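Structure first, commentary second.
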Amino acid sequence: MILSLIRRHLTVYLRDRWAVFFSFLSVFIILALFMVFLRSMVMNWYSDALDQSLAEIMINHWVLSGVLMVATVTVPLGFLGIMVQDRETKAINDFYVAPVNRGHIVISYLLSALIIGVVLGILNLAVGQVYMLLVYGDLLPVWDWLRLLGLIVISTALFSSVFFYVVTLLKTSNSHGTLSTLIGTLIGFLAGIYVVIGGLPSFTQTLLSLLPTMHMASAFRLIYMDNALIQMAEHGMNVEAFSLNMGVRLEFFGLSPGLWALIAMALVWTAVFVALSLMRVRKMKR
């Protein structure tokens, strides 16, 4: 039954090509802004400390890791518009009156969002790596690919569970569209892409560092930029200061969580929102 529901959800989503496009709209906006504004600005900061080639690889890794994380946010949110449509058109009532456990309904939507998010995330990663290979001759090691694939799964699961719970509170497609527009507008700031976190006031830095979006952005950067950071250290650059300024590493309340700590926090948030979603669905009217 769960597999049948997943197949149905994915078919409905993929049939609407505009929905798929708008799920990636924030990614396209970030890339456009990076090419027009952010690239030259950040390059000017580090062009004196690094040679041109290494500086470009470092900056591209930074933005590609951010884009990879953003896709794990916007794609699940866009996909879960299907559930809002199902509620608005009363199609979900067919599931409620059928001999289907409500937990299975929750799982079907969550797994569908996870599947589509992971597939498009892998495509996003592959496109970024093809670009780096063709332009700079740079390619991530196989181990980093595997770590990034695991992180794509974790991040997509996290934001699928968060937005599933939020979406259960929405009743119309218009409200979902408004939420998607709001998240798509803010995600570049919440992930420290439009404005690097080191350039913000200390209170704002602490506030952003507590958000799951920054946790996942930091985790993707730690993996994606691992080799670039090693090369930067070999050139005598202060990697620790750079990492804190660019949001590769976070610091709040005197703590600087590493990759495994960030993953652990993501798994805790995922478990919390899955539980909340199950409770929410069980309370909804038949």
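In the structure tokens, chains take letters A, B, ... by order of appearance, with residues numbered from 1 within each chain and ligands from 1 in the order shown.
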If you take only C-alpha atoms and a cut-off of 12 Å, which residues of range 72-104 of chain A touch range 212-220 of chain A, and what are their nearest atom pairs and distances in Å to one decimal, in chain and number order, as JSON lines?
```
{"residue": "A:Thr72", "atom": "CA", "partner": "A:Met216", "partner_atom": "CA", "distance": 9.5}
{"residue": "A:Val73", "atom": "CA", "partner": "A:Thr213", "partner_atom": "CA", "distance": 8.2}
{"residue": "A:Thr74", "atom": "CA", "partner": "A:Thr213", "partner_atom": "CA", "distance": 11.4}
```
Exercise for review: Run DSSP on the backbone of this structure and report the residues of range 56-172 of chain A it assigns to alpha helix (DSSP H), as a ChimeraX atom specification.
Suggested key: /A:56-79,81-88,92-97,102-136,142-167
Residues just named, written with C-alpha atoms as a compact mmCIF listing (two decimals), in the first residue's frame:
```txt
# COMPACT_ATOMS: atom_id res chain seq x y z
CA GLU A 56 38.25 30.19 -8.07
CA ILE A 57 38.05 26.50 -7.09
CA MET A 58 37.51 27.45 -3.45
CA ILE A 59 34.74 29.95 -4.24
CA ASN A 60 33.00 27.58 -6.65
CA HIS A 61 33.09 24.78 -4.09
CA TRP A 62 31.61 27.16 -1.53
CA VAL A 63 28.69 28.19 -3.70
CA LEU A 64 28.04 24.69 -5.12
CA SER A 65 27.87 23.22 -1.62
CA GLY A 66 25.36 25.93 -0.67
CA VAL A 67 23.29 25.27 -3.78
CA LEU A 68 23.32 21.55 -3.02
CA MET A 69 21.92 22.22 0.45
CA VAL A 70 19.29 24.68 -0.84
CA ALA A 71 17.92 22.04 -3.20
CA THR A 72 17.31 19.69 -0.24
CA VAL A 73 15.07 22.43 1.21
CA THR A 74 13.12 23.70 -1.79
CA VAL A 75 12.49 20.40 -3.59
CA PRO A 76 10.71 18.66 -0.65
CA LEU A 77 8.71 21.84 0.01
CA GLY A 78 7.65 22.05 -3.62
CA PHE A 79 6.76 18.36 -3.72
CA GLY A 81 2.31 20.92 -2.42
CA ILE A 82 0.71 17.69 -3.62
CA MET A 83 -0.55 17.01 -0.12
CA VAL A 84 -2.07 20.49 0.06
CA GLN A 85 -3.80 19.86 -3.27
CA ASP A 86 -5.06 16.51 -2.00
CA ARG A 87 -6.57 18.21 1.05
CA GLU A 88 -8.00 21.08 -0.98
CA ILE A 92 -6.99 12.76 0.74
CA ASN A 93 -10.36 11.73 2.19
CA ASP A 94 -10.18 8.67 -0.06
CA PHE A 95 -7.04 7.62 1.82
CA TYR A 96 -8.63 8.28 5.21
CA VAL A 97 -11.71 6.12 4.57
CA ARG A 102 -2.65 6.96 8.93
CA GLY A 103 0.97 6.40 9.77
CA HIS A 104 1.36 4.80 6.34
CA ILE A 105 -0.11 7.90 4.72
CA VAL A 106 2.45 10.07 6.50
CA ILE A 107 5.25 7.70 5.51
CA SER A 108 4.15 7.66 1.86
CA TYR A 109 4.33 11.44 1.54
CA LEU A 110 7.61 11.63 3.47
CA LEU A 111 9.26 8.85 1.49
CA SER A 112 8.05 10.36 -1.78
CA ALA A 113 9.52 13.75 -0.82
CA LEU A 114 12.73 11.98 0.22
CA ILE A 115 13.00 10.03 -3.04
CA ILE A 116 12.43 13.00 -5.34
CA GLY A 117 14.69 15.21 -3.21
CA VAL A 118 17.54 12.69 -3.21
CA VAL A 119 17.27 11.97 -6.95
CA LEU A 120 17.30 15.66 -7.89
CA GLY A 121 20.02 16.30 -5.28
CA ILE A 122 22.25 13.67 -6.90
CA LEU A 123 21.57 15.26 -10.29
CA ASN A 124 22.50 18.63 -8.81
CA LEU A 125 25.75 17.22 -7.42
CA ALA A 126 26.63 15.55 -10.72
CA VAL A 127 26.01 18.72 -12.76
CA GLY A 128 28.19 20.74 -10.38
CA GLN A 129 31.00 18.22 -10.61
CA VAL A 130 30.81 18.05 -14.40
CA TYR A 131 31.13 21.85 -14.47
CA MET A 132 34.16 21.81 -12.14
CA LEU A 133 35.80 19.04 -14.18
CA LEU A 134 35.29 20.73 -17.55
CA VAL A 135 36.25 24.24 -16.43
CA TYR A 136 38.93 23.64 -13.77
CA VAL A 142 35.07 9.13 -4.43
CA TRP A 143 34.95 9.19 -0.61
CA ASP A 144 33.65 12.77 -0.66
CA TRP A 145 31.01 11.78 -3.21
CA LEU A 146 29.80 9.03 -0.88
CA ARG A 147 29.74 11.38 2.11
CA LEU A 148 27.81 13.98 0.14
CA LEU A 149 25.29 11.36 -1.02
CA GLY A 150 24.70 10.39 2.61
CA LEU A 151 24.34 14.03 3.60
CA ILE A 152 21.85 14.64 0.76
CA VAL A 153 19.70 11.83 2.20
CA ILE A 154 19.93 13.20 5.76
CA SER A 155 19.26 16.82 4.77
CA THR A 156 16.35 15.90 2.51
CA ALA A 157 14.83 13.73 5.26
CA LEU A 158 15.20 16.60 7.73
CA PHE A 159 13.48 19.24 5.63
CA SER A 160 10.87 16.80 4.31
CA SER A 161 9.80 16.10 7.90
CA VAL A 162 9.87 19.80 8.84
CA PHE A 163 7.80 20.92 5.88
CA PHE A 164 5.43 17.98 6.11
CA TYR A 165 4.41 19.17 9.56
CA VAL A 166 4.13 22.78 8.36
CA VAL A 167 2.12 21.76 5.31
```
Exercise for review: Excluding Asn245 in chain A and any residue of its chain fewer than 4 positions from it, enumerate the residues within 7 Å of it, using only C-alpha atoms, and give them as a list in words.
Suggested key: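 Everything that qualifies: Val196, Ile197, Gly198 and Ala241 of chain A.
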Exercise for review: One decimal, Å: what's the distance from CA of Met237 in chain A over to CA of Leu54 in chain A, could you say?
Suggested key: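 Spanning CA of Met237 in chain A to CA of Leu54 in chain A is a straight-line distance of 11.9 Å.
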Using only C-alpha atoms, tabulate the residues of range 134-213 of chain A lying at most 10 Å from any atom of range 19-31 of chain A, each with its closest atom pair and that distance in Å to one decimal, by chain and increasing residue number, as a Markdown table.
```
| residue | atom | partner | partner_atom | distance |
| --- | --- | --- | --- | --- |
| A:Ser180 | CA | A:Ser23 | CA | 8.5 |
| A:Thr181 | CA | A:Ser26 | CA | 9.1 |
| A:Ile183 | CA | A:Ser26 | CA | 8.9 |
| A:Gly184 | CA | A:Ser26 | CA | 5.3 |
| A:Thr185 | CA | A:Ser26 | CA | 7.3 |
| A:Leu186 | CA | A:Ser26 | CA | 9.4 |
| A:Ile187 | CA | A:Ser26 | CA | 7.9 |
| A:Gly188 | CA | A:Ile30 | CA | 7.0 |
| A:Ile193 | CA | A:Ile30 | CA | 8.0 |
| A:Tyr194 | CA | A:Ile30 | CA | 7.8 |
```
How about saving the chosen residues, N, CA and C atoms kept, as a compact mmCIF listing (two decimals), in the first residue's frame?
```txt
# COMPACT_ATOMS: atom_id res chain seq x y z
N SER A 180 6.13 28.81 -0.15
CA SER A 180 7.25 28.46 -1.03
C SER A 180 7.99 29.71 -1.49
N THR A 181 7.24 30.76 -1.82
CA THR A 181 7.87 32.02 -2.23
C THR A 181 8.69 32.62 -1.10
N ILE A 183 10.03 31.02 1.57
CA ILE A 183 11.22 30.21 1.84
C ILE A 183 12.25 30.38 0.72
N GLY A 184 11.76 30.41 -0.52
CA GLY A 184 12.68 30.58 -1.65
C GLY A 184 13.41 31.90 -1.61
N THR A 185 12.74 32.94 -1.07
CA THR A 185 13.38 34.25 -0.96
C THR A 185 14.39 34.29 0.16
N LEU A 186 14.06 33.66 1.29
CA LEU A 186 14.89 33.76 2.48
C LEU A 186 16.02 32.73 2.54
N ILE A 187 15.90 31.64 1.79
CA ILE A 187 16.82 30.53 1.98
C ILE A 187 18.28 30.93 1.73
N GLY A 188 18.50 31.86 0.79
CA GLY A 188 19.86 32.31 0.54
C GLY A 188 20.48 33.01 1.73
N ILE A 193 24.43 32.44 2.21
CA ILE A 193 24.96 32.50 0.85
C ILE A 193 24.94 33.94 0.32
N TYR A 194 23.82 34.61 0.43
CA TYR A 194 23.72 35.98 -0.06
C TYR A 194 24.64 36.92 0.73
```
